[in-house]
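Novice: Pasting structure-v9.pdb here (PDB, C-alpha atoms, pLDDT in the B column):
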```pdb
ATOM      1  CA  MET A   1      29.599 -22.160  10.968  1.00 40.00           C
ATOM      2  CA  GLY A   2      30.860 -22.603   7.401  1.00 41.00           C
ATOM      3  CA  VAL A   3      28.578 -22.362   4.379  1.00 43.00           C
ATOM      4  CA  LYS A   4      28.914 -26.020   3.371  1.00 43.00           C
ATOM      5  CA  ARG A   5      28.358 -27.222   6.930  1.00 44.00           C
ATOM      6  CA  THR A   6      25.277 -25.025   7.244  1.00 43.00           C
ATOM      7  CA  LEU A   7      23.858 -26.310   3.973  1.00 45.00           C
ATOM      8  CA  LYS A   8      24.574 -29.925   4.892  1.00 43.00           C
ATOM      9  CA  LYS A   9      22.622 -29.455   8.107  1.00 44.00           C
ATOM     10  CA  TYR A  10      19.495 -28.165   6.365  1.00 44.00           C
ATOM     11  CA  PHE A  11      19.568 -29.664   2.882  1.00 45.00           C
ATOM     12  CA  LYS A  12      19.063 -33.282   1.834  1.00 43.00           C
ATOM     13  CA  LYS A  13      21.154 -32.547  -1.251  1.00 43.00           C
ATOM     14  CA  TYR A  14      23.320 -29.578  -2.072  1.00 43.00           C
ATOM     15  CA  LEU A  15      25.709 -28.305  -4.677  1.00 46.00           C
ATOM     16  CA  ILE A  16      27.607 -25.102  -4.104  1.00 47.00           C
ATOM     17  CA  GLY A  17      30.041 -23.069  -6.171  1.00 48.00           C
ATOM     18  CA  GLU A  18      33.506 -21.884  -5.263  1.00 45.00           C
ATOM     19  CA  THR A  19      32.510 -18.548  -3.747  1.00 43.00           C
ATOM     20  CA  VAL A  20      29.380 -17.800  -1.767  1.00 48.00           C
ATOM     21  CA  VAL A  21      29.326 -15.145   0.931  1.00 47.00           C
ATOM     22  CA  LYS A  22      26.746 -15.809   3.636  1.00 50.00           C
ATOM     23  CA  LYS A  23      25.882 -13.109   6.143  1.00 48.00           C
ATOM     24  CA  PRO A  24      23.248 -13.480   8.906  1.00 46.00           C
ATOM     25  CA  PRO A  25      20.335 -13.849   9.042  1.00 45.00           C
ATOM     26  CA  PHE A  26      20.299 -16.835   6.680  1.00 49.00           C
ATOM     27  CA  LEU A  27      17.223 -19.077   7.050  1.00 46.00           C
ATOM     28  CA  ILE A  28      16.627 -22.301   5.156  1.00 51.00           C
ATOM     29  CA  SER A  29      13.299 -24.092   5.717  1.00 48.00           C
ATOM     30  CA  ASN A  30      12.230 -27.478   4.265  1.00 47.00           C
ATOM     31  CA  SER A  31      14.535 -27.121   1.283  1.00 50.00           C
ATOM     32  CA  GLU A  32      15.729 -30.102  -0.751  1.00 52.00           C
ATOM     33  CA  PHE A  33      18.169 -28.750  -3.299  1.00 65.00           C
ATOM     34  CA  LEU A  34      20.178 -25.591  -3.833  1.00 74.00           C
ATOM     35  CA  SER A  35      22.655 -25.071  -6.651  1.00 77.00           C
ATOM     36  CA  THR A  36      24.737 -21.897  -6.458  1.00 80.00           C
ATOM     37  CA  GLY A  37      27.237 -20.724  -9.072  1.00 83.00           C
ATOM     38  CA  ILE A  38      30.734 -19.362  -8.584  1.00 87.00           C
ATOM     39  CA  GLU A  39      31.343 -15.845  -7.244  1.00 88.00           C
ATOM     40  CA  THR A  40      27.713 -15.263  -6.349  1.00 87.00           C
ATOM     41  CA  TYR A  41      27.246 -12.967  -3.339  1.00 86.00           C
ATOM     42  CA  HIS A  42      24.494 -11.690  -1.078  1.00 84.00           C
ATOM     43  CA  ASN A  43      24.544  -8.968   1.557  1.00 84.00           C
ATOM     44  CA  GLY A  44      22.591 -10.625   4.374  1.00 80.00           C
ATOM     45  CA  GLY A  45      19.004 -11.503   5.197  1.00 82.00           C
ATOM     46  CA  PHE A  46      18.585 -14.361   2.700  1.00 83.00           C
ATOM     47  CA  ILE A  47      15.513 -16.527   3.361  1.00 85.00           C
ATOM     48  CA  ILE A  48      14.526 -19.703   1.507  1.00 84.00           C
ATOM     49  CA  ARG A  49      11.178 -21.353   2.279  1.00 83.00           C
ATOM     50  CA  GLY A  50       9.120 -24.245   0.950  1.00 79.00           C
ATOM     51  CA  GLN A  51       9.570 -27.388  -1.112  1.00 75.00           C
ATOM     52  CA  GLY A  52      11.320 -27.250  -4.456  1.00 78.00           C
ATOM     53  CA  ILE A  53      14.598 -26.625  -6.204  1.00 84.00           C
ATOM     54  CA  ILE A  54      16.658 -23.443  -6.459  1.00 88.00           C
ATOM     55  CA  LYS A  55      19.309 -22.905  -9.112  1.00 89.00           C
ATOM     56  CA  ILE A  56      21.414 -19.745  -9.030  1.00 92.00           C
ATOM     57  CA  GLY A  57      23.999 -18.968 -11.706  1.00 92.00           C
ATOM     58  CA  ASN A  58      27.501 -17.518 -11.669  1.00 93.00           C
ATOM     59  CA  TYR A  59      28.430 -13.920 -10.775  1.00 94.00           C
ATOM     60  CA  CYS A  60      25.066 -12.940  -9.257  1.00 94.00           C
ATOM     61  CA  ALA A  61      24.671 -10.087  -6.769  1.00 93.00           C
ATOM     62  CA  PHE A  62      21.886 -10.099  -4.172  1.00 94.00           C
ATOM     63  CA  GLY A  63      20.961  -7.206  -1.913  1.00 94.00           C
ATOM     64  CA  ARG A  64      19.727  -7.521   1.671  1.00 92.00           C
ATOM     65  CA  ASN A  65      16.527  -9.247   2.789  1.00 92.00           C
ATOM     66  CA  ILE A  66      15.898 -11.527  -0.168  1.00 93.00           C
ATOM     67  CA  THR A  67      13.081 -14.088   0.161  1.00 93.00           C
ATOM     68  CA  LEU A  68      12.698 -17.106  -2.127  1.00 92.00           C
ATOM     69  CA  ILE A  69       9.341 -18.870  -1.689  1.00 89.00           C
ATOM     70  CA  LYS A  70       9.205 -22.211  -3.464  1.00 82.00           C
ATOM     71  CA  SER A  71       5.683 -23.456  -2.709  1.00 79.00           C
ATOM     72  CA  ASN A  72       2.189 -22.111  -2.061  1.00 78.00           C
ATOM     73  CA  HIS A  73      -0.683 -23.152   0.186  1.00 81.00           C
ATOM     74  CA  ASN A  74      -3.712 -24.715  -1.523  1.00 82.00           C
ATOM     75  CA  TYR A  75      -6.661 -22.414  -0.769  1.00 85.00           C
ATOM     76  CA  ASN A  76      -9.368 -24.581  -2.423  1.00 88.00           C
ATOM     77  CA  PHE A  77     -10.185 -26.568   0.748  1.00 89.00           C
ATOM     78  CA  ALA A  78     -11.810 -25.782   4.129  1.00 89.00           C
ATOM     79  CA  SER A  79      -8.437 -25.330   5.842  1.00 89.00           C
ATOM     80  CA  ILE A  80      -5.473 -23.651   4.219  1.00 87.00           C
ATOM     81  CA  GLN A  81      -2.874 -25.088   6.618  1.00 87.00           C
ATOM     82  CA  TYR A  82      -0.740 -28.164   5.897  1.00 80.00           C
ATOM     83  CA  THR A  83      -0.243 -28.869   9.598  1.00 86.00           C
ATOM     84  CA  PHE A  84      -4.000 -28.995  10.271  1.00 90.00           C
ATOM     85  CA  TYR A  85      -4.419 -31.902   7.830  1.00 87.00           C
ATOM     86  CA  ARG A  86      -1.306 -33.735   8.966  1.00 86.00           C
ATOM     87  CA  ASN A  87      -2.182 -33.458  12.671  1.00 91.00           C
ATOM     88  CA  ASN A  88      -5.831 -34.457  12.256  1.00 93.00           C
ATOM     89  CA  PHE A  89      -5.861 -36.813   9.274  1.00 89.00           C
ATOM     90  CA  LYS A  90      -2.213 -37.788   8.698  1.00 88.00           C
ATOM     91  CA  GLU A  91      -2.681 -36.905   5.032  1.00 87.00           C
ATOM     92  CA  LEU A  92      -3.527 -34.063   2.673  1.00 85.00           C
ATOM     93  CA  PRO A  93      -6.707 -33.875   0.552  1.00 85.00           C
ATOM     94  CA  TYR A  94      -4.630 -32.931  -2.487  1.00 80.00           C
ATOM     95  CA  LYS A  95      -1.401 -33.924  -4.178  1.00 76.00           C
ATOM     96  CA  ILE A  96       1.626 -31.769  -3.449  1.00 69.00           C
ATOM     97  CA  GLN A  97       3.093 -30.387  -6.643  1.00 62.00           C
ATOM     98  CA  ASP A  98       6.241 -31.884  -8.110  1.00 57.00           C
ATOM     99  CA  PRO A  99       9.187 -29.880  -6.683  1.00 55.00           C
ATOM    100  CA  ASN A 100      10.500 -29.490 -10.236  1.00 54.00           C
ATOM    101  CA  HIS A 101       7.424 -27.405 -11.080  1.00 58.00           C
ATOM    102  CA  LEU A 102       8.013 -25.187  -8.064  1.00 72.00           C
ATOM    103  CA  SER A 103      11.668 -24.536  -8.770  1.00 85.00           C
ATOM    104  CA  ILE A 104      13.154 -21.046  -8.901  1.00 92.00           C
ATOM    105  CA  THR A 105      15.857 -20.532 -11.503  1.00 94.00           C
ATOM    106  CA  ILE A 106      18.088 -17.455 -11.447  1.00 96.00           C
ATOM    107  CA  GLY A 107      20.463 -17.089 -14.395  1.00 97.00           C
ATOM    108  CA  HIS A 108      24.025 -15.803 -14.561  1.00 97.00           C
ATOM    109  CA  ASP A 109      25.132 -12.217 -13.838  1.00 97.00           C
ATOM    110  CA  VAL A 110      21.804 -11.282 -12.234  1.00 98.00           C
ATOM    111  CA  TRP A 111      21.446  -8.317  -9.878  1.00 98.00           C
ATOM    112  CA  ILE A 112      18.620  -8.406  -7.335  1.00 98.00           C
ATOM    113  CA  GLY A 113      18.054  -5.349  -5.142  1.00 97.00           C
ATOM    114  CA  ASP A 114      17.140  -5.159  -1.444  1.00 97.00           C
ATOM    115  CA  ASN A 115      13.848  -6.510  -0.054  1.00 97.00           C
ATOM    116  CA  VAL A 116      12.886  -8.590  -3.090  1.00 98.00           C
ATOM    117  CA  THR A 117      10.541 -11.596  -2.903  1.00 97.00           C
ATOM    118  CA  ILE A 118      10.626 -14.265  -5.616  1.00 97.00           C
ATOM    119  CA  LEU A 119       7.631 -16.611  -5.863  1.00 94.00           C
ATOM    120  CA  PRO A 120       7.397 -20.298  -6.900  1.00 91.00           C
ATOM    121  CA  GLY A 121       8.155 -21.365 -10.460  1.00 91.00           C
ATOM    122  CA  VAL A 122       9.859 -18.114 -11.503  1.00 96.00           C
ATOM    123  CA  LYS A 123      12.745 -18.103 -13.983  1.00 97.00           C
ATOM    124  CA  ILE A 124      14.996 -15.041 -14.080  1.00 98.00           C
ATOM    125  CA  GLY A 125      17.068 -14.680 -17.245  1.00 98.00           C
ATOM    126  CA  ASN A 126      20.780 -14.007 -17.553  1.00 99.00           C
ATOM    127  CA  GLY A 127      21.868 -10.419 -16.980  1.00 98.00           C
ATOM    128  CA  ALA A 128      18.525  -9.346 -15.514  1.00 99.00           C
ATOM    129  CA  CYS A 129      18.097  -6.647 -12.848  1.00 99.00           C
ATOM    130  CA  ILE A 130      15.306  -6.640 -10.239  1.00 99.00           C
ATOM    131  CA  GLY A 131      14.508  -3.345  -8.509  1.00 98.00           C
ATOM    132  CA  ALA A 132      14.437  -3.044  -4.712  1.00 98.00           C
ATOM    133  CA  GLY A 133      11.158  -3.969  -3.027  1.00 98.00           C
ATOM    134  CA  SER A 134       9.838  -5.979  -5.971  1.00 98.00           C
ATOM    135  CA  VAL A 135       7.677  -9.107  -5.819  1.00 98.00           C
ATOM    136  CA  VAL A 136       8.578 -11.334  -8.765  1.00 98.00           C
ATOM    137  CA  SER A 137       5.646 -13.595  -9.674  1.00 96.00           C
ATOM    138  CA  LYS A 138       6.373 -14.217 -13.374  1.00 96.00           C
ATOM    139  CA  ASP A 139       9.402 -15.028 -15.515  1.00 98.00           C
ATOM    140  CA  VAL A 140      11.954 -12.286 -16.184  1.00 98.00           C
ATOM    141  CA  GLU A 141      13.545 -11.857 -19.625  1.00 98.00           C
ATOM    142  CA  HIS A 142      17.292 -11.986 -20.257  1.00 98.00           C
ATOM    143  CA  TYR A 143      19.036  -8.604 -19.806  1.00 98.00           C
ATOM    144  CA  ALA A 144      15.831  -6.847 -18.767  1.00 99.00           C
ATOM    145  CA  ILE A 145      15.125  -4.535 -15.828  1.00 99.00           C
ATOM    146  CA  TYR A 146      12.016  -5.335 -13.776  1.00 99.00           C
ATOM    147  CA  ALA A 147      10.530  -3.574 -10.752  1.00 98.00           C
ATOM    148  CA  GLY A 148       7.309  -3.204  -8.791  1.00 98.00           C
ATOM    149  CA  VAL A 149       4.604  -5.225  -7.022  1.00 98.00           C
ATOM    150  CA  PRO A 150       4.090  -7.347  -8.970  1.00 98.00           C
ATOM    151  CA  ALA A 151       7.346  -6.826 -10.871  1.00 98.00           C
ATOM    152  CA  LYS A 152       6.908  -5.602 -14.442  1.00 98.00           C
ATOM    153  CA  LYS A 153       9.375  -4.958 -17.223  1.00 98.00           C
ATOM    154  CA  ILE A 154      10.793  -1.433 -17.278  1.00 98.00           C
ATOM    155  CA  LYS A 155      13.217  -1.782 -20.184  1.00 98.00           C
ATOM    156  CA  ASN A 156      16.032  -3.855 -21.670  1.00 98.00           C
ATOM    157  CA  ARG A 157      19.569  -3.174 -20.494  1.00 98.00           C
ATOM    158  CA  PHE A 158      20.957  -3.214 -24.052  1.00 97.00           C
ATOM    159  CA  ASN A 159      19.761  -3.386 -27.646  1.00 96.00           C
ATOM    160  CA  GLU A 160      18.736  -6.776 -29.079  1.00 95.00           C
ATOM    161  CA  GLU A 161      21.980  -7.322 -30.984  1.00 95.00           C
ATOM    162  CA  THR A 162      24.107  -6.739 -27.886  1.00 96.00           C
ATOM    163  CA  ILE A 163      21.912  -9.070 -25.814  1.00 96.00           C
ATOM    164  CA  LEU A 164      22.218 -11.796 -28.451  1.00 95.00           C
ATOM    165  CA  TYR A 165      25.986 -11.292 -28.548  1.00 96.00           C
ATOM    166  CA  LEU A 166      26.311 -11.686 -24.780  1.00 96.00           C
ATOM    167  CA  GLU A 167      24.016 -14.699 -24.705  1.00 96.00           C
ATOM    168  CA  ASN A 168      26.071 -16.427 -27.394  1.00 95.00           C
ATOM    169  CA  LEU A 169      29.347 -15.453 -25.721  1.00 95.00           C
ATOM    170  CA  GLU A 170      28.358 -16.914 -22.325  1.00 97.00           C
ATOM    171  CA  TRP A 171      31.253 -15.089 -20.669  1.00 97.00           C
ATOM    172  CA  TRP A 172      30.144 -16.356 -17.238  1.00 97.00           C
ATOM    173  CA  HIS A 173      31.595 -19.749 -18.201  1.00 96.00           C
ATOM    174  CA  MET A 174      34.998 -18.284 -19.102  1.00 96.00           C
ATOM    175  CA  SER A 175      38.077 -19.116 -17.065  1.00 95.00           C
ATOM    176  CA  LYS A 176      39.712 -16.346 -15.043  1.00 94.00           C
ATOM    177  CA  SER A 177      42.464 -16.036 -17.664  1.00 96.00           C
ATOM    178  CA  GLU A 178      39.902 -15.772 -20.484  1.00 97.00           C
ATOM    179  CA  ILE A 179      38.067 -13.043 -18.597  1.00 96.00           C
ATOM    180  CA  GLU A 180      41.314 -11.123 -18.110  1.00 96.00           C
ATOM    181  CA  LYS A 181      42.096 -11.386 -21.834  1.00 96.00           C
ATOM    182  CA  ASN A 182      38.704  -9.831 -22.591  1.00 95.00           C
ATOM    183  CA  LYS A 183      39.231  -6.807 -20.337  1.00 96.00           C
ATOM    184  CA  LEU A 184      38.205  -4.405 -23.122  1.00 95.00           C
ATOM    185  CA  LEU A 185      34.774  -6.030 -23.339  1.00 95.00           C
ATOM    186  CA  PHE A 186      34.157  -5.655 -19.612  1.00 96.00           C
ATOM    187  CA  PHE A 187      35.388  -2.037 -19.563  1.00 96.00           C
ATOM    188  CA  THR A 188      33.169  -0.912 -22.465  1.00 96.00           C
ATOM    189  CA  ASP A 189      29.865   0.940 -21.979  1.00 96.00           C
ATOM    190  CA  LEU A 190      27.662  -1.322 -24.112  1.00 96.00           C
ATOM    191  CA  ASN A 191      24.946   1.290 -24.544  1.00 95.00           C
ATOM    192  CA  LEU A 192      27.389   3.838 -25.951  1.00 95.00           C
ATOM    193  CA  ASN A 193      29.229   1.137 -27.911  1.00 93.00           C
ATOM    194  CA  PRO A 194      26.798  -1.688 -28.770  1.00 92.00           C
ATOM    195  CA  LEU A 195      28.241  -5.054 -29.747  1.00 87.00           C
ATOM    196  CA  LYS A 196      27.810  -6.068 -33.379  1.00 79.00           C
ATOM    197  CA  SER A 197      30.003  -9.072 -34.062  1.00 57.00           C
ATOM    198  CA  GLU A 198      31.285 -12.150 -32.277  1.00 56.00           C
ATOM    199  CA  VAL A 199      34.573 -12.168 -30.388  1.00 47.00           C
TER     200      VAL A 199
END
```
What do you get writing this file as C-alpha cells?
Specialist:
Amino acid sequence: MGVKRTLKKYFKKYLIGETVVKKPPFLISNSEFLSTGIETYHNGGFIIRGQGIIKIGNYCAFGRNITLIKSNHNYNFASIQYTFYRNNFKELPYKIQDPNHLSITIGHDVWIGDNVTILPGVKIGNGACIGAGSVVSKDVEHYAIYAGVPAKKIKNRFNEETILYLENLEWWHMSKSEIEKNKLLFFTDLNLNPLKSEV
C-alpha cells in the first residue's frame, strides 16, 4: 500500500512531501494531521499515537522504533481511562486539550536515533540530534545533541556563529541546483572550519 493511500486511510487531513520512505511496522492511531517535509526518511517501526498535530521538516533521518505520543491521560480523576468515561457516561469530566497545544514539531535536518520516544508538545530545533533510547519530554535547541531518559543537552554541534550562519542560510529550502552549487559548504567539516560570513 502506498504512503499517500495509507495516510488517507488513517488521517482526516494530511500533507506529505516528495520523498518519504515507509517501512513496516508503521502504526497511526487517532491522528488528525501530519506534515512531512521532502527527503525525510525513517528505517522502520514508526508509531504515532494520540490527538494532535505533527510537523516534520525537510531532510530528517529517523532510526528504527520511533514513537511519537501526542496526548496524555488525565490522572486527576478516579479513572484514568478515556474509554471508561465514554462507555459509562458518554462524556469526559474534563476538557480535552486543544490539539495545537499537543503538537510535536520536528525541524529540518534532524537526526533521531533508534528507540526514541517523543512526548506531547515537544519542539525539536533544526539540525538537532537525539541519541538512541532517549525519551524527549522538553524542547530541543537548534543544532544541539540530546540524549538520555529524560533527554538532556550534551553539547552543541557547532559554535554559535556557525549555528547562526546555518539558521540564516536555511539551506533546507534550497533547490537541488542551489544545493549542488554549494557543494563546498556541504563537504566542509564545520568544526574544523567554522563559518564566519554569509554566502
Novice: At most 6 Å is the cut-off: for each residue in range 87-131 of chain A with any atom that close to an atom of range 49-62 of chain A, write down the nearest atom pair and the distance in Å rounded to one decimal, counting only C-alpha atoms, chain first then increasing number, as JSON lines.
Specialist:
```
{"residue": "A:Pro99", "atom": "CA", "partner": "A:Gly52", "partner_atom": "CA", "distance": 4.1}
{"residue": "A:Leu102", "atom": "CA", "partner": "A:Gly52", "partner_atom": "CA", "distance": 5.3}
{"residue": "A:Ser103", "atom": "CA", "partner": "A:Ile53", "partner_atom": "CA", "distance": 4.4}
{"residue": "A:Ile104", "atom": "CA", "partner": "A:Ile54", "partner_atom": "CA", "distance": 4.9}
{"residue": "A:Thr105", "atom": "CA", "partner": "A:Lys55", "partner_atom": "CA", "distance": 4.8}
{"residue": "A:Ile106", "atom": "CA", "partner": "A:Ile56", "partner_atom": "CA", "distance": 4.7}
{"residue": "A:Gly107", "atom": "CA", "partner": "A:Gly57", "partner_atom": "CA", "distance": 4.8}
{"residue": "A:His108", "atom": "CA", "partner": "A:Gly57", "partner_atom": "CA", "distance": 4.3}
{"residue": "A:Asp109", "atom": "CA", "partner": "A:Cys60", "partner_atom": "CA", "distance": 4.6}
{"residue": "A:Val110", "atom": "CA", "partner": "A:Cys60", "partner_atom": "CA", "distance": 4.7}
{"residue": "A:Trp111", "atom": "CA", "partner": "A:Ala61", "partner_atom": "CA", "distance": 4.8}
{"residue": "A:Ile112", "atom": "CA", "partner": "A:Phe62", "partner_atom": "CA", "distance": 4.9}
```
Novice: Take the residues that were just selected and, keeping C-alpha atoms, output them as a PDB file, in the coordinates of the input.
Specialist:
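The resulting result20.pdb:
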```
ATOM      1  CA  PRO A  99       9.187 -29.880  -6.683  1.00 55.00           C
ATOM      2  CA  LEU A 102       8.013 -25.187  -8.064  1.00 72.00           C
ATOM      3  CA  SER A 103      11.668 -24.536  -8.770  1.00 85.00           C
ATOM      4  CA  ILE A 104      13.154 -21.046  -8.901  1.00 92.00           C
ATOM      5  CA  THR A 105      15.857 -20.532 -11.503  1.00 94.00           C
ATOM      6  CA  ILE A 106      18.088 -17.455 -11.447  1.00 96.00           C
ATOM      7  CA  GLY A 107      20.463 -17.089 -14.395  1.00 97.00           C
ATOM      8  CA  HIS A 108      24.025 -15.803 -14.561  1.00 97.00           C
ATOM      9  CA  ASP A 109      25.132 -12.217 -13.838  1.00 97.00           C
ATOM     10  CA  VAL A 110      21.804 -11.282 -12.234  1.00 98.00           C
ATOM     11  CA  TRP A 111      21.446  -8.317  -9.878  1.00 98.00           C
ATOM     12  CA  ILE A 112      18.620  -8.406  -7.335  1.00 98.00           C
TER      13      ILE A 112
END
```
Novice: Of the candidates A:Glu170, A:Gly45, A:Tyr94, A:Lys176, which one gets nearest to Asn74 in chain A if we count only C-alpha atoms?
Specialist: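 Selected residue with least distance to Asn74 in chain A: A:Tyr94.
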Novice: What gap, in Å, lies between CA of Asn191 in chain A and CA of Arg157 in chain A?
Specialist: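 Between these atoms lies a distance of 8.1 Å.
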Novice: What does the PyMOL selection byres ((chain A and resi 149-155) around 6) select in this file, as a PDB file with C-alpha atoms, in the coordinates of the input?
Specialist:
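Contents of part.pdb, as written:
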```
ATOM      1  CA  SER A 134       9.838  -5.979  -5.971  1.00 98.00           C
ATOM      2  CA  VAL A 135       7.677  -9.107  -5.819  1.00 98.00           C
ATOM      3  CA  VAL A 136       8.578 -11.334  -8.765  1.00 98.00           C
ATOM      4  CA  ALA A 144      15.831  -6.847 -18.767  1.00 99.00           C
ATOM      5  CA  ILE A 145      15.125  -4.535 -15.828  1.00 99.00           C
ATOM      6  CA  TYR A 146      12.016  -5.335 -13.776  1.00 99.00           C
ATOM      7  CA  ALA A 147      10.530  -3.574 -10.752  1.00 98.00           C
ATOM      8  CA  GLY A 148       7.309  -3.204  -8.791  1.00 98.00           C
ATOM      9  CA  ASN A 156      16.032  -3.855 -21.670  1.00 98.00           C
TER      10      ASN A 156
END
```
Novice: CA of Tyr143 in chain A and CA of Glu167 in chain A, how far apart in Å?
Specialist: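 Distance reported for this atom pair: 9.3 Å.
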Novice: So what do you get for CA of Phe186 in chain A versus CA of Trp171 in chain A, distance-wise?
Specialist: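 Pair CA of Phe186 in chain A / CA of Trp171 in chain A returns 9.9 Å.
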Novice: Using all atoms listed in the file, can you tell me which of A:Cys129, A:Leu185, A:Met174, A:Leu190 comes closest to Asn159 in chain A?
Specialist: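 Closest to Asn159 in chain A, using all atoms listed in the file: A:Leu190.
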